[in-house]
Amino acid sequence: MSVIIQIFGTKKCRETQKAIRYFKERKIAIQFINLEEKNLSKGELESVLRKINIDDLIDTDGKYYKENGYAHRVFDAFETLLEIPYLYRTPIVRFKGDASVGNTPDKWKQWADSLK
């Protein structure tokens, strides 16, 4: 079976674990990309941004964001996300031309149902 769902996140992230478990329980092939090892490419990020607002991709509640003062910085979100994967809100889940960020089981269910 070919990979159908891409999940970007970290192994420690509980929300990412929920996404992985959701699709595995339904026997849907996934590709997990660990953001601690490999960041989204420019093309992958552009693809995600066709469906998700860039502000929704930034984890403003995250430790890295807070400890490094991003709330008080002016920064280019696109370029910064390409350089610093710790700023992503996860999981980022891609299916065909669609994408979601965070725990979005309603969206995942739509995707899973479309595969039946």
# chains A, B, ... in the order shown; residues from 1 in each chain; ligands from 1

call {"tool": "residues_around", "arguments": {"residues": "Ala112 of chain A", "least_positions_apart": "4", "cutoff": "9 Å", "atoms": "only C-alpha atoms", "output": "list in words"}}
result
Phe23, Arg26, Ile28, Lys107, Trp108 and Lys116 of chain A

call {"tool": "write_last_selection", "arguments": {"atoms": "N, CA and C atoms", "output": "short mmCIF file (atom, residue, chain, number, x, y, z; two decimals), in the first residue's frame"}}
result
data_model
loop_
_atom_site.label_atom_id
_atom_site.label_comp_id
_atom_site.auth_asym_id
_atom_site.auth_seq_id
_atom_site.Cartn_x
_atom_site.Cartn_y
_atom_site.Cartn_z
N PHE A 23 -4.85 7.01 12.44
CA PHE A 23 -4.75 6.40 11.11
C PHE A 23 -4.32 4.94 11.16
N ARG A 26 -7.11 2.59 11.81
CA ARG A 26 -7.98 2.43 10.64
C ARG A 26 -7.24 1.80 9.46
N ILE A 28 -4.73 2.79 7.73
CA ILE A 28 -4.43 3.74 6.66
C ILE A 28 -2.93 4.00 6.70
N LYS A 107 -11.63 16.32 10.64
CA LYS A 107 -10.99 16.39 9.32
C LYS A 107 -10.41 15.03 8.94
N TRP A 108 -9.73 14.39 9.90
CA TRP A 108 -9.14 13.07 9.64
C TRP A 108 -10.22 12.06 9.26
N LYS A 116 -12.74 4.78 1.85
CA LYS A 116 -13.51 3.52 1.95
C LYS A 116 -14.04 3.10 0.60
#

call {"tool": "residues_around", "arguments": {"residues": "segment 58-61 of chain A", "least_positions_apart": "3", "cutoff": "7 Å", "atoms": "only C-alpha atoms", "output": "list in words"}}
result
Ile54, Asp55, Tyr65, Leu87, Tyr88 and Arg89 of chain A

call {"tool": "write_last_selection", "arguments": {"atoms": "C-alpha atoms", "output": "short mmCIF file (atom, residue, chain, number, x, y, z; two decimals), in the first residue's frame"}}
result
data_model
loop_
_atom_site.label_atom_id
_atom_site.label_comp_id
_atom_site.auth_asym_id
_atom_site.auth_seq_id
_atom_site.Cartn_x
_atom_site.Cartn_y
_atom_site.Cartn_z
CA ILE A 54 0.72 30.62 8.54
CA ASP A 55 -0.22 32.12 11.93
CA TYR A 65 8.46 30.31 21.17
CA LEU A 87 8.08 26.68 16.23
CA TYR A 88 5.52 24.47 14.48
CA ARG A 89 2.23 23.59 16.09
#

call {"tool": "closest_residue", "arguments": {"among": "A:Ile84, A:Cys13, A:Leu35, A:Leu115", "to": "Gly102 of chain A", "atoms": "only C-alpha atoms"}}
result
A:Cys13

call {"tool": "residues_around", "arguments": {"residues": "Arg21 of chain A", "least_positions_apart": "4", "cutoff": "12 Å", "atoms": "only C-alpha atoms", "output": "JSON, numbers by chain"}}
result
{"A": [7, 14, 15, 16, 17, 25, 26, 27, 28, 29, 30, 32, 103, 105, 108]}

call {"tool": "select_by_dssp", "arguments": {"residues": "chain A", "states": "helix (DSSP H, G or I)", "output": "PyMOL selection string"}}
result
chain A and resi 14-25+42-49+54-57+63-67+70-72+77-83+85-87+105-114

call {"tool": "closest_atom_pairs", "arguments": {"of": "segment 81-100 of chain A", "to": "segment 42-48 of chain A", "cutoff": "9 Å", "atoms": "only C-alpha atoms", "output": "tab-separated table"}}
result
residue	atom	partner	partner_atom	distance
A:Leu81	CA	A:Leu45	CA	8.6
A:Leu82	CA	A:Lys42	CA	6.8
A:Ile92	CA	A:Val48	CA	8.3
A:Val93	CA	A:Val48	CA	8.8
A:Arg94	CA	A:Val48	CA	7.4
A:Gly97	CA	A:Ser47	CA	7.5
A:Asp98	CA	A:Val48	CA	7.4
A:Ala99	CA	A:Val48	CA	5.8
A:Ser100	CA	A:Val48	CA	8.0

call {"tool": "select_by_dssp", "arguments": {"residues": "segment 52-95 of chain A", "states": "strand (DSSP E)", "output": "list of chain:residue names"}}
result
A:Ile92, A:Val93, A:Arg94, A:Phe95

call {"tool": "write_last_selection", "arguments": {"atoms": "C-alpha atoms", "output": "tab-separated table (two decimals), in the first residue's frame"}}
result
chain	number	residue	atom	x	y	z
A	92	ILE	CA	0.77	18.87	10.60
A	93	VAL	CA	-1.13	16.26	8.61
A	94	ARG	CA	-1.30	16.18	4.81
A	95	PHE	CA	-3.69	14.20	2.64

call {"tool": "closest_residue", "arguments": {"among": "A:Thr90, A:Thr104, A:Lys96, A:Phe8", "to": "Ser41 of chain A", "atoms": "only C-alpha atoms"}}
result
A:Phe8

call {"tool": "closest_residue", "arguments": {"among": "A:Asp76, A:Lys38, A:Pro85, A:Ala19", "to": "Tyr64 of chain A", "atoms": "only C-alpha atoms"}}
result
A:Pro85

call {"tool": "closest_residue", "arguments": {"among": "A:Glu79, A:Pro91, A:Tyr86, A:Tyr70", "to": "Ile20 of chain A", "atoms": "only C-alpha atoms"}}
result
A:Pro91

call {"tool": "closest_residue", "arguments": {"among": "A:Ala71, A:Leu49, A:Val101, A:Ala77", "to": "Gly9 of chain A", "atoms": "only C-alpha atoms"}}
result
A:Val101

call {"tool": "atom_distance", "arguments": {"atom1": "atom CA of Ile4 of chain A", "atom2": "atom CA of Lys18 of chain A"}}
result
17.0 Å

call {"tool": "residues_around", "arguments": {"residues": "Asn34 of chain A", "least_positions_apart": "2", "cutoff": "6 Å", "atoms": "only C-alpha atoms", "output": "mmCIF file with N, CA and C atoms, in the first residue's frame"}}
result
data_model
loop_
_atom_site.group_PDB
_atom_site.id
_atom_site.type_symbol
_atom_site.label_atom_id
_atom_site.label_comp_id
_atom_site.auth_asym_id
_atom_site.auth_seq_id
_atom_site.Cartn_x
_atom_site.Cartn_y
_atom_site.Cartn_z
ATOM 1 N N GLY A 9 5.599 15.876 12.874
ATOM 2 C CA GLY A 9 5.509 16.151 14.301
ATOM 3 C C GLY A 9 6.752 15.638 14.996
ATOM 4 N N THR A 10 6.641 15.460 16.303
ATOM 5 C CA THR A 10 7.744 14.905 17.071
ATOM 6 C C THR A 10 7.243 13.686 17.840
ATOM 7 N N GLU A 36 12.185 16.738 14.528
ATOM 8 C CA GLU A 36 13.467 16.856 15.232
ATOM 9 C C GLU A 36 14.617 16.371 14.349
ATOM 10 N N GLU A 37 14.273 15.642 13.285
ATOM 11 C CA GLU A 37 15.297 15.118 12.382
ATOM 12 C C GLU A 37 15.257 15.776 11.003
#
